[in-house]
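Enquirer: Provided below: protein-v3.cif, containing mmCIF, C-alpha atoms and all ligand atoms.
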data_run
loop_
_atom_site.group_PDB
_atom_site.id
_atom_site.type_symbol
_atom_site.label_atom_id
_atom_site.label_comp_id
_atom_site.auth_asym_id
_atom_site.auth_seq_id
_atom_site.Cartn_x
_atom_site.Cartn_y
_atom_site.Cartn_z
ATOM 1 C CA MET Y 98 -19.633 -14.256 -6.729
ATOM 2 C CA SER Y 99 -18.047 -10.909 -6.029
ATOM 3 C CA LYS Y 100 -14.649 -10.523 -4.387
ATOM 4 C CA LYS Y 101 -14.771 -9.303 -0.804
ATOM 5 C CA ILE Y 102 -12.837 -6.534 0.892
ATOM 6 C CA VAL Y 103 -12.831 -6.076 4.661
ATOM 7 C CA ILE Y 104 -11.559 -2.671 5.791
ATOM 8 C CA LEU Y 105 -9.987 -1.985 9.190
ATOM 9 C CA ALA Y 106 -9.940 1.688 10.134
ATOM 10 C CA SER Y 107 -9.387 3.661 13.351
ATOM 11 C CA GLY Y 108 -10.175 7.235 12.399
ATOM 12 C CA ASN Y 109 -11.872 9.582 9.956
ATOM 13 C CA GLY Y 110 -12.123 6.921 7.336
ATOM 14 C CA SER Y 111 -11.682 9.148 4.302
ATOM 15 C CA ASN Y 112 -9.777 6.356 2.561
ATOM 16 C CA ALA Y 113 -12.421 3.810 3.525
ATOM 17 C CA LYS Y 114 -15.010 6.206 2.081
ATOM 18 C CA ALA Y 115 -13.071 6.542 -1.189
ATOM 19 C CA ILE Y 116 -12.852 2.742 -1.436
ATOM 20 C CA MET Y 117 -16.575 2.208 -0.664
ATOM 21 C CA ARG Y 118 -17.502 4.875 -3.195
ATOM 22 C CA HIS Y 119 -15.276 3.325 -5.859
ATOM 23 C CA PHE Y 120 -16.822 -0.143 -5.497
ATOM 24 C CA ASP Y 121 -20.363 0.980 -4.683
ATOM 25 C CA SER Y 122 -21.740 0.112 -8.096
ATOM 26 C CA SER Y 123 -19.356 -2.746 -8.852
ATOM 27 C CA THR Y 124 -20.798 -6.197 -9.445
ATOM 28 C CA LYS Y 125 -17.387 -7.846 -9.111
ATOM 29 C CA ILE Y 126 -15.926 -6.354 -5.934
ATOM 30 C CA GLU Y 127 -17.650 -5.329 -2.688
ATOM 31 C CA VAL Y 128 -16.672 -3.923 0.672
ATOM 32 C CA SER Y 129 -18.336 -6.594 2.803
ATOM 33 C CA SER Y 130 -17.592 -5.112 6.225
ATOM 34 C CA ILE Y 131 -15.742 -2.483 8.176
ATOM 35 C CA ILE Y 132 -14.031 -3.176 11.482
ATOM 36 C CA SER Y 133 -12.938 -0.407 13.817
ATOM 37 C CA ASN Y 134 -11.366 -0.243 17.242
ATOM 38 C CA ASN Y 135 -12.758 3.251 17.851
ATOM 39 C CA ARG Y 136 -16.451 3.739 18.618
ATOM 40 C CA GLN Y 137 -16.182 7.417 17.659
ATOM 41 C CA ALA Y 138 -14.513 6.703 14.331
ATOM 42 C CA GLY Y 139 -15.870 8.737 11.419
ATOM 43 C CA VAL Y 140 -15.662 5.592 9.336
ATOM 44 C CA PHE Y 141 -18.927 4.320 10.913
ATOM 45 C CA GLU Y 142 -20.861 7.260 9.424
ATOM 46 C CA HIS Y 143 -19.413 6.636 5.975
ATOM 47 C CA ALA Y 144 -20.181 2.919 6.231
ATOM 48 C CA LYS Y 145 -23.790 3.636 7.168
ATOM 49 C CA ARG Y 146 -24.206 5.783 4.087
ATOM 50 C CA PHE Y 147 -22.916 3.015 1.835
ATOM 51 C CA GLY Y 148 -24.883 0.324 3.685
ATOM 52 C CA VAL Y 149 -21.745 -1.554 4.709
ATOM 53 C CA PRO Y 150 -22.013 -3.574 7.958
ATOM 54 C CA CYS Y 151 -19.693 -2.437 10.767
ATOM 55 C CA LEU Y 152 -18.109 -4.131 13.691
ATOM 56 C CA TRP Y 153 -16.500 -2.547 16.718
ATOM 57 C CA MET Y 154 -13.835 -4.527 18.542
ATOM 58 C CA ASP Y 155 -11.756 -4.042 21.652
ATOM 59 C CA LYS Y 156 -8.108 -4.987 21.930
ATOM 60 C CA GLU Y 157 -8.881 -8.287 23.595
ATOM 61 C CA SER Y 158 -11.118 -9.520 20.793
ATOM 62 C CA PHE Y 159 -8.590 -8.291 18.247
ATOM 63 C CA GLU Y 160 -5.738 -10.154 19.851
ATOM 64 C CA SER Y 161 -7.729 -13.274 20.674
ATOM 65 C CA ASP Y 162 -9.588 -15.495 18.211
ATOM 66 C CA VAL Y 163 -12.716 -13.334 17.989
ATOM 67 C CA VAL Y 164 -11.633 -11.193 15.039
ATOM 68 C CA LEU Y 165 -9.673 -14.057 13.497
ATOM 69 C CA ASN Y 166 -12.784 -16.238 13.555
ATOM 70 C CA PHE Y 167 -14.923 -13.443 12.133
ATOM 71 C CA LEU Y 168 -12.483 -13.066 9.244
ATOM 72 C CA LEU Y 169 -12.298 -16.823 8.686
ATOM 73 C CA THR Y 170 -16.093 -16.863 8.335
ATOM 74 C CA GLU Y 171 -16.130 -13.743 6.176
ATOM 75 C CA GLU Y 172 -13.443 -15.151 3.822
ATOM 76 C CA PRO Y 173 -12.217 -11.803 2.474
ATOM 77 C CA ASP Y 174 -10.126 -11.727 -0.688
ATOM 78 C CA LEU Y 175 -8.347 -8.668 0.685
ATOM 79 C CA ILE Y 176 -8.045 -7.089 4.127
ATOM 80 C CA VAL Y 177 -7.365 -3.382 3.782
ATOM 81 C CA LEU Y 178 -5.887 -1.285 6.582
ATOM 82 C CA ALA Y 179 -7.008 2.276 5.987
ATOM 83 C CA GLY Y 180 -5.706 4.390 8.833
ATOM 84 C CA PHE Y 181 -5.676 1.465 11.258
ATOM 85 C CA LEU Y 182 -3.447 2.062 14.255
ATOM 86 C CA TRP Y 183 -3.035 -1.270 16.028
ATOM 87 C CA LYS Y 184 -0.324 -3.745 15.158
ATOM 88 C CA ILE Y 185 -1.722 -6.756 13.343
ATOM 89 C CA PRO Y 186 -1.371 -9.968 15.398
ATOM 90 C CA VAL Y 187 0.988 -12.570 13.923
ATOM 91 C CA SER Y 188 -1.894 -15.070 13.843
ATOM 92 C CA LEU Y 189 -3.746 -12.835 11.348
ATOM 93 C CA VAL Y 190 -0.648 -12.258 9.217
ATOM 94 C CA GLN Y 191 -0.037 -15.996 9.044
ATOM 95 C CA THR Y 192 -3.662 -16.896 8.354
ATOM 96 C CA PHE Y 193 -3.960 -14.345 5.534
ATOM 97 C CA PRO Y 194 -0.555 -14.268 3.825
ATOM 98 C CA ASN Y 195 -0.355 -11.609 1.103
ATOM 99 C CA LYS Y 196 -3.960 -10.681 1.735
ATOM 100 C CA ILE Y 197 -3.441 -7.794 4.176
ATOM 101 C CA ILE Y 198 -2.395 -4.432 2.780
ATOM 102 C CA ASN Y 199 -1.798 -1.042 4.327
ATOM 103 C CA ILE Y 200 -1.431 2.518 3.125
ATOM 104 C CA HIS Y 201 1.290 4.676 4.635
ATOM 105 C CA PRO Y 202 1.326 8.461 4.117
ATOM 106 C CA ALA Y 203 4.992 8.745 3.090
ATOM 107 C CA LEU Y 204 7.536 7.179 0.790
ATOM 108 C CA LEU Y 205 8.680 4.166 2.816
ATOM 109 C CA PRO Y 206 11.257 3.273 4.046
ATOM 110 C CA LYS Y 207 11.394 6.977 4.890
ATOM 111 C CA TYR Y 208 9.185 8.104 7.775
ATOM 112 C CA GLY Y 209 8.016 4.616 8.728
ATOM 113 C CA GLY Y 210 8.092 2.545 11.881
ATOM 114 C CA LYS Y 211 6.555 2.819 15.317
ATOM 115 C CA GLY Y 212 5.094 6.243 16.154
ATOM 116 C CA MET Y 213 5.183 7.377 12.527
ATOM 117 C CA TYR Y 214 1.528 7.912 11.699
ATOM 118 C CA GLY Y 215 -0.731 10.799 10.732
ATOM 119 C CA ALA Y 216 0.529 14.275 11.580
ATOM 120 C CA HIS Y 217 3.797 12.891 12.995
ATOM 121 C CA VAL Y 218 4.772 11.807 9.504
ATOM 122 C CA HIS Y 219 3.891 15.101 7.809
ATOM 123 C CA ARG Y 220 5.669 17.147 10.478
ATOM 124 C CA ALA Y 221 8.799 15.046 10.050
ATOM 125 C CA VAL Y 222 8.656 15.540 6.284
ATOM 126 C CA LYS Y 223 8.274 19.308 6.718
ATOM 127 C CA GLU Y 224 11.190 19.482 9.162
ATOM 128 C CA SER Y 225 13.428 17.392 6.893
ATOM 129 C CA GLY Y 226 13.178 19.874 4.022
ATOM 130 C CA ASP Y 227 12.574 16.981 1.574
ATOM 131 C CA ALA Y 228 11.366 18.181 -1.824
ATOM 132 C CA HIS Y 229 8.986 15.227 -2.191
ATOM 133 C CA THR Y 230 6.738 13.029 -0.125
ATOM 134 C CA GLY Y 231 4.042 10.592 -1.143
ATOM 135 C CA ILE Y 232 2.222 7.376 -0.376
ATOM 136 C CA THR Y 233 3.179 3.733 -0.063
ATOM 137 C CA ILE Y 234 0.777 0.832 -0.406
ATOM 138 C CA HIS Y 235 2.361 -2.324 0.954
ATOM 139 C CA TYR Y 236 1.736 -5.821 2.259
ATOM 140 C CA ILE Y 237 1.687 -6.374 5.992
ATOM 141 C CA ASN Y 238 4.162 -8.663 7.643
ATOM 142 C CA GLU Y 239 5.216 -9.071 11.270
ATOM 143 C CA HIS Y 240 7.055 -5.728 11.361
ATOM 144 C CA TYR Y 241 5.607 -2.202 11.148
ATOM 145 C CA ASP Y 242 5.826 -0.766 7.627
ATOM 146 C CA GLU Y 243 8.258 -3.369 6.339
ATOM 147 C CA GLY Y 244 6.117 -5.629 4.121
ATOM 148 C CA GLY Y 245 6.676 -5.715 0.347
ATOM 149 C CA VAL Y 246 5.869 -2.485 -1.479
ATOM 150 C CA ILE Y 247 3.016 -2.733 -3.989
ATOM 151 C CA PHE Y 248 2.843 0.884 -5.160
ATOM 152 C CA GLN Y 249 4.244 4.326 -4.463
ATOM 153 C CA ALA Y 250 3.292 7.755 -5.805
ATOM 154 C CA GLN Y 251 4.927 11.041 -4.977
ATOM 155 C CA VAL Y 252 3.988 14.676 -4.662
ATOM 156 C CA GLY Y 253 6.148 17.791 -4.384
ATOM 157 C CA VAL Y 254 6.671 19.637 -1.112
ATOM 158 C CA GLU Y 255 6.986 23.405 -1.586
ATOM 159 C CA THR Y 256 8.710 25.774 0.839
ATOM 160 C CA ALA Y 257 5.340 27.335 1.646
ATOM 161 C CA ASP Y 258 3.797 23.969 2.569
ATOM 162 C CA THR Y 259 2.909 23.283 6.189
ATOM 163 C CA ALA Y 260 2.446 19.870 7.781
ATOM 164 C CA ASP Y 261 -1.314 20.396 7.249
ATOM 165 C CA SER Y 262 -1.048 21.231 3.571
ATOM 166 C CA ILE Y 263 1.299 18.275 3.060
ATOM 167 C CA ALA Y 264 -1.309 16.070 4.753
ATOM 168 C CA GLN Y 265 -3.974 17.377 2.358
ATOM 169 C CA LYS Y 266 -1.845 16.673 -0.703
ATOM 170 C CA VAL Y 267 -1.065 13.182 0.547
ATOM 171 C CA HIS Y 268 -4.727 12.455 1.268
ATOM 172 C CA GLN Y 269 -5.663 13.478 -2.278
ATOM 173 C CA LEU Y 270 -3.052 11.098 -3.618
ATOM 174 C CA GLU Y 271 -4.332 8.304 -1.376
ATOM 175 C CA HIS Y 272 -7.964 8.736 -2.438
ATOM 176 C CA LYS Y 273 -6.956 8.735 -6.090
ATOM 177 C CA HIS Y 274 -4.744 5.645 -6.043
ATOM 178 C CA PHE Y 275 -5.803 3.349 -3.201
ATOM 179 C CA PRO Y 276 -9.126 2.171 -4.703
ATOM 180 C CA LEU Y 277 -7.460 1.597 -8.096
ATOM 181 C CA ILE Y 278 -4.586 -0.419 -6.639
ATOM 182 C CA ILE Y 279 -7.062 -2.542 -4.670
ATOM 183 C CA GLU Y 280 -9.022 -3.133 -7.871
ATOM 184 C CA GLN Y 281 -5.862 -4.164 -9.690
ATOM 185 C CA LEU Y 282 -4.879 -6.578 -6.924
ATOM 186 C CA LEU Y 283 -8.309 -8.202 -7.036
ATOM 187 C CA THR Y 284 -8.612 -8.486 -10.784
ATOM 188 C CA HIS Y 285 -5.136 -9.687 -11.792
HETATM 189 C C1 LIG H 301 -3.954 8.049 5.938
HETATM 190 O O1 LIG H 301 -3.140 9.157 5.704
HETATM 191 C C2 LIG H 301 -3.182 6.764 5.812
HETATM 192 O O2 LIG H 301 -2.080 6.838 4.987
HETATM 193 C C3 LIG H 301 -2.722 6.494 7.207
HETATM 194 O O3 LIG H 301 -3.737 6.981 8.037
HETATM 195 C C4 LIG H 301 -4.451 8.017 7.378
HETATM 196 C C5 LIG H 301 -5.918 7.665 7.480
HETATM 197 O O4 LIG H 301 -6.735 8.699 7.031
HETATM 198 N N1 LIG H 301 -2.379 5.102 7.389
HETATM 199 P P1 LIG H 301 -8.287 8.459 6.854
HETATM 200 O O5 LIG H 301 -8.829 7.957 8.185
HETATM 201 O O6 LIG H 301 -8.487 7.466 5.771
HETATM 202 O O7 LIG H 301 -8.837 9.804 6.508
#
Take the structure I supplied and represent it as structure tokens, if you would.
Expert:
Amino acid sequence: MSKKIVILASGNGSNAKAIMRHFDSSTKIEVSSIISNNRQAGVFEHAKRFGVPCLWMDKESFESDVVLNFLLTEEPDLIVLAGFLWKIPVSLVQTFPNKIINIHPALLPKYGGKGMYGAHVHRAVKESGDAHTGITIHYINEHYDEGGVIFQAQVGVETADTADSIAQKVHQLEHKHFPLIIEQLLTH
């Protein structure tokens, strides 16, 4: 039986797409469903193309037992947050210890915490004058961006870079590494 990944995503879903593409022809690992809190999320289009079932949820079902029960029935081997903006309820963290991972578009602990997502992160990196930024893949615990680090990769920031070009570089790094790290976690 193949290992199951459930992806939670709020936005464009380019990481979710990279993960679905990576495992599309795998016989050992499958993306079994996508859950989003945003009806307009680009991730739904990507999921349709890969034939992955999708679920939309509101905050109430996320914070009550509805999503928890769905996940208990689904029995995922890994829950992957790919651009997911809501805080994960403690009940989920406790029910799936070491099974929920997130990707953050910077080198944590730098540029993490509440409010540090998307363009906010890349703007802060640009303003800091840091010579490097990167990605962090980490476990989820009860606090934003503080779970154990699984993997980091870095990329240079040039003087000519803008927050947008930094975002592009970081996205490339994410698409390259995230599917591979997920594969490693599920096969070791
Ligand atoms: C990524 O940069 C990820 O690090 C962050 O949210 C962004 C999602 O991008 N958590 P996408 O929706 O996968 O394109």
Enquirer: Counting all atoms listed in the file, what residues are within 6 Å of ligand LIG 301 (chain H), given as a PyMOL selection string?
Expert: chain Y and resi 108-113+179-180+200-202+215+268
Enquirer: So, counting all atoms listed in the file, which residue among Y:Gln249, Y:Asn238, Y:Ser123, Y:Ser129 is closest to Val187 of chain Y?
Expert: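 Closest to Val187 of chain Y of all the choices is Y:Asn238.
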Enquirer: Out of Y:Ile126, Y:Ala250, Y:Ala260, Y:Glu243, which residue has the shortest atom-to-atom distance to Gln281 of chain Y when counting all atoms listed in the file?
Expert: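 Between Y:Ile126, Y:Ala250, Y:Ala260, Y:Glu243, the residue approaching Gln281 of chain Y most closely is Y:Ile126.
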Enquirer: List as number ranges by chain the protein and nucleic acid residues near Pro206 of chain Y, meaning an atom at most 12 Å away when only C-alpha atoms are counted, but skip any in the same chain fewer than 5 places from it.
Expert: Y: 201, 213, 230-235, 241-246, 249
Enquirer: Residues within 10 Å of Ile185 of chain Y, please, as a list in words. Count all atoms listed in the file; anything in the same chain fewer than 6 positions from it doesn't count.
Expert: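 Near Ile185 of chain Y, the qualifying residues are Phe159, Glu160, Leu178, Ile197, Ile237, Asn238, Glu239, His240 and Tyr241 of chain Y.
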Enquirer: Give me, as a PyMOL selection string, all polymer residues having an atom no more than 12 Å from Val128 of chain Y, counting all atoms listed in the file and skipping those fewer than 2 positions away in the same chain.
Expert: chain Y and resi 99-105+113-126+130-132+144+147-151+171+173-177+276+279-280
Enquirer: Enumerate, as a CSV table (one decimal) with C-alpha atoms, in the coordinates of the input, the residues matched when the PyMOL selection byres (((chain Y and resi 153) around 6) and not hetatm) is run on the file above.
Expert:
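Okay, this is what ended up in out.csv:
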chain,number,residue,atom,x,y,z
Y,132,ILE,CA,-14.0,-3.2,11.5
Y,133,SER,CA,-12.9,-0.4,13.8
Y,134,ASN,CA,-11.4,-0.2,17.2
Y,152,LEU,CA,-18.1,-4.1,13.7
Y,154,MET,CA,-13.8,-4.5,18.5
Enquirer: Work out how far atom CA of Ala106 of chain Y is from atom CA of Gln251 of chain Y, in Å to one decimal.
Expert: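 Atom CA of Gln251 of chain Y sits 23.2 Å away from atom CA of Ala106 of chain Y.
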Enquirer: Record the distance separating atom CA of Ser161 of chain Y and atom CA of Pro194 of chain Y, expressed in Å with one decimal.
Expert: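 These two atoms are separated by 18.3 Å.
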Enquirer: Looking at Y:Thr170, Y:Lys156, Y:Tyr208, Y:Gln137, which one is nearest to Pro186 of chain Y, with distances taken over only C-alpha atoms?
Expert: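 The answer is Y:Lys156, which sits nearest to Pro186 of chain Y.
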Enquirer: Name every residue that the PyMOL selection byres (((chain Y and resi 261) around 12) and not hetatm) selects in this structure, writing the answer as an NGL selection string with chains first and numbers rising.
Expert: :Y and (215-223 or 254 or 257-260 or 262-268)
Enquirer: What is the distance between atom CA of Lys145 of chain Y and atom CA of Glu157 of chain Y, in Å to one decimal?
Expert: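 That distance, rounded to one decimal, is 25.2 Å.
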Enquirer: Smallest atom-to-atom distance to Phe181 of chain Y: which of Y:Gly209, Y:Leu169, Y:Tyr214, Y:Ala203, using all atoms listed in the file?
Expert: Y:Tyr214
Enquirer: When distances are computed from all atoms listed in the file, which of Y:Ser107, Y:Ser225, Y:Asn135, Y:Asn166 shows the smallest separation from Leu182 of chain Y?
Expert: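 Among the listed residues, Y:Ser107 lies closest to Leu182 of chain Y.
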Enquirer: Just checking: using only C-alpha atoms, which residue out of Y:Gly253, Y:Thr284, Y:Asp162, Y:Arg146 ends up closest to His229 of chain Y?
Expert: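 Checking each of Y:Gly253, Y:Thr284, Y:Asp162, Y:Arg146 against His229 of chain Y, counting only C-alpha atoms, the winner is Y:Gly253.
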Enquirer: Take segment 149-164 of chain Y, model N, CA, C and O atoms, and hand the result over as a PDB file, in the coordinates of the input.
Expert:
ATOM      1  N   VAL Y 149     -22.735  -0.498   4.429  1.00  0.00           N
ATOM      2  CA  VAL Y 149     -21.745  -1.554   4.709  1.00  0.00           C
ATOM      3  C   VAL Y 149     -21.802  -1.890   6.210  1.00  0.00           C
ATOM      4  O   VAL Y 149     -21.700  -0.998   7.047  1.00  0.00           O
ATOM      5  N   PRO Y 150     -21.960  -3.183   6.553  1.00  0.00           N
ATOM      6  CA  PRO Y 150     -22.013  -3.574   7.958  1.00  0.00           C
ATOM      7  C   PRO Y 150     -20.714  -3.254   8.698  1.00  0.00           C
ATOM      8  O   PRO Y 150     -19.630  -3.385   8.127  1.00  0.00           O
ATOM      9  N   CYS Y 151     -20.861  -2.834   9.964  1.00  0.00           N
ATOM     10  CA  CYS Y 151     -19.693  -2.437  10.767  1.00  0.00           C
ATOM     11  C   CYS Y 151     -19.584  -3.277  12.014  1.00  0.00           C
ATOM     12  O   CYS Y 151     -20.584  -3.723  12.558  1.00  0.00           O
ATOM     13  N   LEU Y 152     -18.383  -3.379  12.473  1.00  0.00           N
ATOM     14  CA  LEU Y 152     -18.109  -4.131  13.691  1.00  0.00           C
ATOM     15  C   LEU Y 152     -17.144  -3.327  14.529  1.00  0.00           C
ATOM     16  O   LEU Y 152     -16.151  -2.806  14.002  1.00  0.00           O
ATOM     17  N   TRP Y 153     -17.461  -3.188  15.818  1.00  0.00           N
ATOM     18  CA  TRP Y 153     -16.500  -2.547  16.718  1.00  0.00           C
ATOM     19  C   TRP Y 153     -15.827  -3.643  17.519  1.00  0.00           C
ATOM     20  O   TRP Y 153     -16.453  -4.624  17.908  1.00  0.00           O
ATOM     21  N   MET Y 154     -14.535  -3.502  17.741  1.00  0.00           N
ATOM     22  CA  MET Y 154     -13.835  -4.527  18.542  1.00  0.00           C
ATOM     23  C   MET Y 154     -12.933  -3.849  19.569  1.00  0.00           C
ATOM     24  O   MET Y 154     -12.430  -2.751  19.347  1.00  0.00           O
ATOM     25  N   ASP Y 155     -12.746  -4.531  20.698  1.00  0.00           N
ATOM     26  CA  ASP Y 155     -11.756  -4.042  21.652  1.00  0.00           C
ATOM     27  C   ASP Y 155     -10.461  -4.819  21.434  1.00  0.00           C
ATOM     28  O   ASP Y 155     -10.411  -5.759  20.625  1.00  0.00           O
ATOM     29  N   LYS Y 156      -9.428  -4.401  22.160  1.00  0.00           N
ATOM     30  CA  LYS Y 156      -8.108  -4.987  21.930  1.00  0.00           C
ATOM     31  C   LYS Y 156      -8.106  -6.497  22.213  1.00  0.00           C
ATOM     32  O   LYS Y 156      -7.460  -7.269  21.498  1.00  0.00           O
ATOM     33  N   GLU Y 157      -8.878  -6.872  23.229  1.00  0.00           N
ATOM     34  CA  GLU Y 157      -8.881  -8.287  23.595  1.00  0.00           C
ATOM     35  C   GLU Y 157      -9.446  -9.154  22.468  1.00  0.00           C
ATOM     36  O   GLU Y 157      -8.887 -10.193  22.124  1.00  0.00           O
ATOM     37  N   SER Y 158     -10.549  -8.699  21.871  1.00  0.00           N
ATOM     38  CA  SER Y 158     -11.118  -9.520  20.793  1.00  0.00           C
ATOM     39  C   SER Y 158     -10.233  -9.493  19.556  1.00  0.00           C
ATOM     40  O   SER Y 158     -10.198 -10.434  18.771  1.00  0.00           O
ATOM     41  N   PHE Y 159      -9.489  -8.370  19.392  1.00  0.00           N
ATOM     42  CA  PHE Y 159      -8.590  -8.291  18.247  1.00  0.00           C
ATOM     43  C   PHE Y 159      -7.423  -9.264  18.413  1.00  0.00           C
ATOM     44  O   PHE Y 159      -7.006  -9.921  17.468  1.00  0.00           O
ATOM     45  N   GLU Y 160      -6.926  -9.328  19.635  1.00  0.00           N
ATOM     46  CA  GLU Y 160      -5.738 -10.154  19.851  1.00  0.00           C
ATOM     47  C   GLU Y 160      -6.078 -11.606  20.195  1.00  0.00           C
ATOM     48  O   GLU Y 160      -5.196 -12.455  20.206  1.00  0.00           O
ATOM     49  N   SER Y 161      -7.351 -11.873  20.455  1.00  0.00           N
ATOM     50  CA  SER Y 161      -7.729 -13.274  20.674  1.00  0.00           C
ATOM     51  C   SER Y 161      -8.298 -13.789  19.354  1.00  0.00           C
ATOM     52  O   SER Y 161      -8.086 -13.204  18.316  1.00  0.00           O
ATOM     53  N   ASP Y 162      -9.089 -14.876  19.445  1.00  0.00           N
ATOM     54  CA  ASP Y 162      -9.588 -15.495  18.211  1.00  0.00           C
ATOM     55  C   ASP Y 162     -10.855 -14.850  17.676  1.00  0.00           C
ATOM     56  O   ASP Y 162     -11.337 -15.227  16.616  1.00  0.00           O
ATOM     57  N   VAL Y 163     -11.405 -13.854  18.385  1.00  0.00           N
ATOM     58  CA  VAL Y 163     -12.716 -13.334  17.989  1.00  0.00           C
ATOM     59  C   VAL Y 163     -12.677 -12.731  16.578  1.00  0.00           C
ATOM     60  O   VAL Y 163     -13.469 -13.090  15.702  1.00  0.00           O
ATOM     61  N   VAL Y 164     -11.722 -11.831  16.357  1.00  0.00           N
ATOM     62  CA  VAL Y 164     -11.633 -11.193  15.039  1.00  0.00           C
ATOM     63  C   VAL Y 164     -11.134 -12.190  13.996  1.00  0.00           C
ATOM     64  O   VAL Y 164     -11.621 -12.235  12.864  1.00  0.00           O
TER      65      VAL Y 164
END
